[in-house]
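S.K.: My structure is in data.txt, and what it holds is compact mmCIF, C-alpha atoms:
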# COMPACT_ATOMS: atom_id res chain seq x y z
CA GLN A 1 52.10 30.01 77.05
CA LYS A 2 51.32 28.28 80.33
CA GLU A 3 47.70 27.51 81.17
CA VAL A 4 48.14 29.22 84.56
CA GLU A 5 50.41 32.20 85.11
CA GLN A 6 51.53 33.32 88.56
CA ASP A 7 54.13 35.92 89.47
CA PRO A 8 56.88 34.11 91.41
CA GLY A 9 57.76 37.14 93.53
CA PRO A 10 59.28 37.30 96.05
CA LEU A 11 56.81 39.68 97.59
CA SER A 12 57.95 41.40 100.76
CA VAL A 13 55.47 43.35 102.93
CA PRO A 14 55.45 44.80 106.45
CA GLU A 15 53.42 43.12 109.17
CA GLY A 16 49.80 44.29 109.13
CA ALA A 17 49.74 45.04 105.40
CA ILE A 18 47.06 43.79 103.02
CA VAL A 19 48.53 41.30 100.59
CA SER A 20 47.17 40.63 97.12
CA LEU A 21 48.22 37.48 95.26
CA ASN A 22 47.02 36.79 91.74
CA CYS A 23 46.84 34.24 88.95
CA THR A 24 45.64 34.41 85.39
CA TYR A 25 44.58 31.46 83.31
CA SER A 26 43.66 30.65 79.74
CA ASN A 27 41.41 27.58 79.97
CA SER A 28 37.75 28.63 80.13
CA ALA A 29 36.78 25.11 81.25
CA PHE A 30 38.22 25.70 84.73
CA GLN A 31 35.42 25.79 87.29
CA TYR A 32 37.09 25.12 90.64
CA PHE A 33 39.79 27.35 92.02
CA MET A 34 42.09 26.70 94.93
CA TRP A 35 44.78 28.43 96.89
CA TYR A 36 47.39 26.37 98.68
CA ARG A 37 49.95 27.62 101.20
CA GLN A 38 53.31 25.89 101.26
CA TYR A 39 55.80 26.43 104.05
CA SER A 40 59.45 25.65 103.42
CA ARG A 41 60.11 21.91 103.31
CA LYS A 42 56.42 21.12 103.69
CA GLY A 43 53.63 19.99 101.39
CA PRO A 44 50.96 22.31 99.98
CA GLU A 45 48.16 22.92 102.45
CA LEU A 46 44.69 23.84 101.17
CA LEU A 47 43.77 27.39 102.14
CA MET A 48 40.75 28.32 100.03
CA TYR A 49 38.51 26.41 97.62
CA THR A 50 35.95 28.20 95.47
CA TYR A 51 33.59 27.36 92.67
CA SER A 52 33.01 29.58 89.63
CA SER A 53 32.97 33.36 89.99
CA GLY A 54 32.55 35.32 93.19
CA ASN A 55 34.14 35.87 96.58
CA LYS A 56 34.79 33.60 99.52
CA GLU A 57 35.99 34.77 102.90
CA ASP A 58 37.62 32.78 105.68
CA GLY A 59 39.01 34.80 108.55
CA ARG A 60 41.78 37.06 107.24
CA PHE A 61 41.68 35.41 103.81
CA THR A 62 39.46 36.30 100.86
CA ALA A 63 39.48 34.51 97.53
CA GLN A 64 38.07 36.19 94.45
CA VAL A 65 37.34 34.65 91.07
CA ASP A 66 36.57 36.64 87.93
CA LYS A 67 35.88 34.11 85.22
CA SER A 68 35.12 36.76 82.61
CA SER A 69 38.68 38.06 82.97
CA LYS A 70 40.18 34.64 83.77
CA TYR A 71 41.73 36.12 86.89
CA ILE A 72 41.79 34.93 90.48
CA SER A 73 43.06 36.64 93.59
CA LEU A 74 43.83 35.87 97.21
CA PHE A 75 43.78 38.73 99.70
CA ILE A 76 45.36 38.46 103.13
CA ARG A 77 44.33 41.12 105.65
CA ASP A 78 46.44 42.09 108.65
CA SER A 79 49.32 39.97 107.38
CA GLN A 80 51.45 38.19 110.00
CA PRO A 81 55.02 36.85 109.90
CA SER A 82 53.46 33.38 110.10
CA ASP A 83 51.90 34.05 106.67
CA SER A 84 55.41 33.95 105.15
CA ALA A 85 55.22 31.05 102.71
CA THR A 86 54.79 30.24 99.05
CA TYR A 87 51.21 30.50 97.78
CA LEU A 88 50.11 28.27 94.92
CA CYS A 89 46.99 28.80 92.89
CA ALA A 90 45.37 25.73 91.36
CA MET A 91 42.36 25.08 89.20
CA ARG A 92 40.40 22.29 87.55
CA GLY A 93 37.34 21.58 85.47
CA SER A 94 34.16 19.95 86.77
CA GLY A 95 32.72 16.46 86.43
CA GLY A 96 34.44 13.13 87.02
CA TYR A 97 38.23 13.02 87.15
CA GLN A 98 39.75 16.35 86.22
CA LYS A 99 43.43 17.17 86.13
CA VAL A 100 44.47 19.96 88.50
CA THR A 101 46.68 22.65 87.00
CA PHE A 102 48.94 24.58 89.37
CA GLY A 103 50.60 27.95 89.17
CA THR A 104 54.31 28.09 89.93
CA GLY A 105 53.73 29.84 93.25
CA THR A 106 54.38 33.29 94.74
CA LYS A 107 56.82 33.54 97.62
CA LEU A 108 55.60 35.92 100.33
CA GLN A 109 57.63 37.35 103.18
CA VAL A 110 55.96 39.35 105.94
CA ILE A 111 58.48 41.47 107.81
CA PRO A 112 57.83 42.03 111.56
CA ASN B 113 44.40 10.86 111.54
CA ALA B 114 47.70 11.19 109.68
CA GLY B 115 46.30 12.18 106.25
CA VAL B 116 48.92 11.57 103.55
CA THR B 117 52.25 10.13 104.68
CA GLN B 118 55.33 9.88 102.46
CA THR B 119 58.43 7.81 103.12
CA PRO B 120 61.31 8.38 103.05
CA LYS B 121 61.52 12.13 103.69
CA PHE B 122 64.99 12.45 102.19
CA ARG B 123 67.24 10.25 100.08
CA VAL B 124 70.47 10.51 98.11
CA LEU B 125 71.04 8.11 95.24
CA LYS B 126 73.80 7.49 92.73
CA THR B 127 73.03 7.57 89.02
CA GLY B 128 71.68 4.21 87.91
CA GLN B 129 70.39 3.11 91.31
CA SER B 130 66.76 2.24 91.83
CA MET B 131 64.38 3.09 94.61
CA THR B 132 60.71 3.20 95.56
CA LEU B 133 58.87 6.07 97.20
CA LEU B 134 55.88 5.15 99.30
CA CYS B 135 52.70 7.15 99.78
CA ALA B 136 50.04 6.08 102.26
CA GLN B 137 46.69 7.76 102.95
CA ASP B 138 44.20 6.97 105.67
CA MET B 139 41.23 8.93 104.32
CA ASN B 140 39.84 6.14 102.11
CA HIS B 141 40.39 8.31 99.03
CA GLU B 142 39.97 6.78 95.59
CA TYR B 143 42.30 9.09 93.69
CA MET B 144 46.03 9.34 94.29
CA TYR B 145 48.72 11.33 92.52
CA TRP B 146 52.47 11.72 92.28
CA TYR B 147 53.92 15.15 91.47
CA ARG B 148 57.40 16.53 91.24
CA GLN B 149 58.19 20.12 92.18
CA ASP B 150 61.14 21.94 90.67
CA PRO B 151 62.10 25.63 90.99
CA GLY B 152 60.20 27.75 88.46
CA MET B 153 58.26 24.75 87.16
CA GLY B 154 55.55 24.36 89.76
CA LEU B 155 53.94 21.01 90.45
CA ARG B 156 54.01 18.61 87.52
CA LEU B 157 51.96 15.44 87.47
CA ILE B 158 53.97 12.24 87.00
CA HIS B 159 51.36 9.49 87.34
CA TYR B 160 47.99 9.13 88.95
CA SER B 161 45.48 6.48 89.95
CA VAL B 162 41.70 6.63 90.03
CA GLY B 163 41.33 3.46 92.07
CA GLU B 164 42.98 0.31 93.38
CA GLY B 165 44.70 -1.58 90.59
CA THR B 166 44.61 1.33 88.13
CA THR B 167 47.31 3.77 87.07
CA ALA B 168 47.67 6.38 84.33
CA LYS B 169 50.38 8.66 82.96
CA GLY B 170 50.55 12.32 83.79
CA GLU B 171 52.50 15.00 81.99
CA VAL B 172 56.06 13.85 82.91
CA PRO B 173 55.93 10.02 83.28
CA ASP B 174 59.20 9.04 81.60
CA GLY B 175 61.66 7.27 83.89
CA TYR B 176 59.03 6.47 86.53
CA ASN B 177 56.69 3.59 87.23
CA VAL B 178 53.85 3.31 89.73
CA SER B 179 51.69 0.71 91.37
CA ARG B 180 48.45 0.84 93.37
CA LEU B 181 48.02 -2.67 94.75
CA LYS B 182 46.15 -1.44 97.81
CA LYS B 183 43.71 1.44 97.92
CA GLN B 184 45.61 3.24 100.65
CA ASN B 185 49.08 2.98 99.06
CA PHE B 186 50.59 4.45 95.91
CA LEU B 187 54.21 3.59 95.08
CA LEU B 188 56.49 5.55 92.78
CA GLY B 189 59.51 3.70 91.40
CA LEU B 190 62.67 4.91 89.74
CA GLU B 191 64.27 1.98 87.93
CA SER B 192 67.52 3.71 86.94
CA ALA B 193 67.88 7.09 88.60
CA ALA B 194 69.21 10.04 86.59
CA PRO B 195 70.42 13.45 87.83
CA SER B 196 67.42 15.04 86.03
CA GLN B 197 65.20 13.26 88.54
CA THR B 198 66.62 15.28 91.40
CA SER B 199 63.51 16.96 92.77
CA VAL B 200 61.00 17.12 95.58
CA TYR B 201 58.26 14.53 95.11
CA PHE B 202 54.78 15.05 96.48
CA CYS B 203 51.97 12.59 96.81
CA ALA B 204 48.36 13.73 96.97
CA SER B 205 45.01 12.05 97.41
CA MET B 206 41.43 13.04 96.74
CA THR B 207 37.99 11.60 97.32
CA ASP B 208 36.02 10.57 94.25
CA ARG B 209 33.01 12.51 95.52
CA ASN B 210 32.74 15.23 92.96
CA ASN B 211 34.63 18.46 93.09
CA GLN B 212 36.77 18.03 96.16
CA PRO B 213 40.34 19.33 96.53
CA GLN B 214 43.54 17.31 96.80
CA HIS B 215 45.38 16.70 100.07
CA PHE B 216 49.17 16.57 100.00
CA GLY B 217 51.92 14.83 101.93
CA ASP B 218 55.04 16.65 103.09
CA GLY B 219 57.22 15.42 100.26
CA THR B 220 60.35 13.37 99.62
CA ARG B 221 63.53 15.25 98.75
CA LEU B 222 65.51 13.13 96.31
CA SER B 223 69.04 13.93 95.13
CA ILE B 224 70.65 11.93 92.35
CA LEU B 225 74.43 12.27 92.16
Mind turning this structure into structure tokens?

M.R.:
Amino acid sequence: QKEVEQDPGPLSVPEGAIVSLNCTYSNSAFQYFMWYRQYSRKGPELLMYTYSSGNKEDGRFTAQVDKSSKYISLFIRDSQPSDSATYLCAMRGSGGYQKVTFGTGTKLQVIP
Amino acid sequence: NAGVTQTPKFRVLKTGQSMTLLCAQDMNHEYMYWYRQDPGMGLRLIHYSVGEGTTAKGEVPDGYNVSRLKKQNFLLGLESAAPSQTSVYFCASMTDRNNQPQHFGDGTRLSIL
């Protein structure tokens, strides 16, 4: 079993829809949780970065972490065609150098 | 401020050839990483460095070597390329101030024939 599980999709939604992207994980030592957006033929770009459990909002994006369930989510409100990309979840422990573990990514397409 | 720059962006090699991928960062980051990204496999760590002159193996180091002679540069070498090394390679860097995220370059697409 992988340490981080992420549905690869593809996920296709109409413009304006609310999108929910999710990851589950097995390592209880993970403390920091990230969402990266990756456009085709580009590198991952940091979208959200959260610590421990709770919510974080940035514009149309909200990241949620539920450590008790080992489950993280990224919500995109009022989705736009420009949101079409692959979304990678990532997580790491705390203190000193910690390896980052990535999900395999979910491909999202927002249809105009 | 360019961030993380990878060269070349694209390369085709024949089996058995060697080459070096270059990663340069201008953010004065201590940590640098090389990943490969393959369909359905996500990002897998090849090698990493926690400072100038240091390197360490990641989860898939076989067939690769690295060097960090200067803080801003991290080189990934393939001594004898194999078709299994066909992939997209990403470099990332991170500050050593605790609990900061990684910053990625735009990748090198490598095909081994």

S.K.: Any idea which chain A residues end up within 10 Å of chain B if we count all atoms listed in the file, as number ranges by chain please?

M.R.: A: 6, 8, 31-34, 36, 38-39, 41-46, 48-51, 88, 90-105

S.K.: Skip Asn27 (chain A) itself and residues of its chain fewer than 3 positions away, then list as a PDB file with C-alpha atoms, in the frame of the given file all residues within 9 Å of it, counting only C-alpha atoms.

M.R.:
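around-v3.pdb written:
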ATOM      1  CA  GLU A   3      47.700  27.510  81.170  1.00  0.00           C
ATOM      2  CA  VAL A   4      48.140  29.220  84.560  1.00  0.00           C
ATOM      3  CA  PHE A  30      38.220  25.700  84.730  1.00  0.00           C
ATOM      4  CA  LYS A  70      40.180  34.640  83.770  1.00  0.00           C
TER       5      LYS A  70
END

S.K.: Smallest atom-to-atom distance to Ile224 (chain B): which of B:Asn185, B:Thr117, B:Gln129, B:Asn140, using all atoms listed in the file?

M.R.: B:Gln129

S.K.: Which one is closest to Asp66 (chain A): A:Thr24, A:Ser84, A:Ser12, A:Thr106? Count all atoms listed in the file.

M.R.: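 The closest residue to Asp66 (chain A) is A:Thr24.
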
S.K.: Could you check how far CA of Cys135 (chain B) sits from CA of Ser40 (chain A), in Å to one decimal?

M.R.: 20.0 Å

S.K.: What is the distance, in Å and to one decimal place, between CA of Ser192 (chain B) and CA of Lys126 (chain B)?

M.R.: 9.3 Å

S.K.: Using the atoms already present, construct N, CA, C and O atoms for region 15-30 of chain A and hand them back as a short mmCIF file (atom, residue, chain, number, x, y, z; two decimals), in the frame of the given file.

M.R.:
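This went into result-v9.cif:
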data_model
loop_
_atom_site.label_atom_id
_atom_site.label_comp_id
_atom_site.auth_asym_id
_atom_site.auth_seq_id
_atom_site.Cartn_x
_atom_site.Cartn_y
_atom_site.Cartn_z
N GLU A 15 54.48 43.72 108.37
CA GLU A 15 53.42 43.12 109.17
C GLU A 15 52.22 44.06 109.23
O GLU A 15 52.37 45.27 109.40
N GLY A 16 51.02 43.49 109.08
CA GLY A 16 49.80 44.29 109.13
C GLY A 16 49.31 44.74 107.77
O GLY A 16 48.18 45.22 107.65
N ALA A 17 50.12 44.60 106.75
CA ALA A 17 49.74 45.04 105.40
C ALA A 17 48.68 44.11 104.81
O ALA A 17 48.53 42.96 105.23
N ILE A 18 47.96 44.62 103.81
CA ILE A 18 47.06 43.79 103.02
C ILE A 18 47.86 43.26 101.83
O ILE A 18 48.51 44.01 101.11
N VAL A 19 47.79 41.95 101.66
CA VAL A 19 48.53 41.30 100.59
C VAL A 19 47.56 40.87 99.50
O VAL A 19 46.46 40.36 99.78
N SER A 20 47.96 41.08 98.26
CA SER A 20 47.17 40.63 97.12
C SER A 20 48.01 39.70 96.26
O SER A 20 49.09 40.08 95.80
N LEU A 21 47.54 38.48 96.09
CA LEU A 21 48.22 37.48 95.26
C LEU A 21 47.29 37.13 94.10
O LEU A 21 46.07 37.02 94.29
N ASN A 22 47.86 36.93 92.92
CA ASN A 22 47.02 36.79 91.74
C ASN A 22 47.49 35.70 90.80
O ASN A 22 48.68 35.38 90.75
N CYS A 23 46.54 35.18 90.03
CA CYS A 23 46.84 34.24 88.95
C CYS A 23 45.94 34.55 87.78
O CYS A 23 44.78 34.93 87.97
N THR A 24 46.47 34.35 86.59
CA THR A 24 45.64 34.41 85.39
C THR A 24 45.67 33.05 84.72
O THR A 24 46.61 32.27 84.92
N TYR A 25 44.65 32.75 83.95
CA TYR A 25 44.58 31.46 83.31
C TYR A 25 43.96 31.60 81.92
O TYR A 25 43.34 32.60 81.61
N SER A 26 44.14 30.56 81.11
CA SER A 26 43.66 30.65 79.74
C SER A 26 42.55 29.65 79.42
O SER A 26 41.82 29.82 78.44
N ASN A 27 42.37 28.63 80.25
CA ASN A 27 41.41 27.58 79.97
C ASN A 27 40.03 27.94 80.54
O ASN A 27 39.83 27.92 81.75
N SER A 28 39.08 28.22 79.67
CA SER A 28 37.75 28.63 80.13
C SER A 28 36.96 27.48 80.77
O SER A 28 35.90 27.70 81.34
N ALA A 29 37.46 26.25 80.65
CA ALA A 29 36.78 25.11 81.25
C ALA A 29 37.01 25.01 82.77
O ALA A 29 36.33 24.25 83.45
N PHE A 30 37.97 25.76 83.29
CA PHE A 30 38.22 25.70 84.73
C PHE A 30 37.02 26.21 85.50
O PHE A 30 36.48 27.27 85.20
#
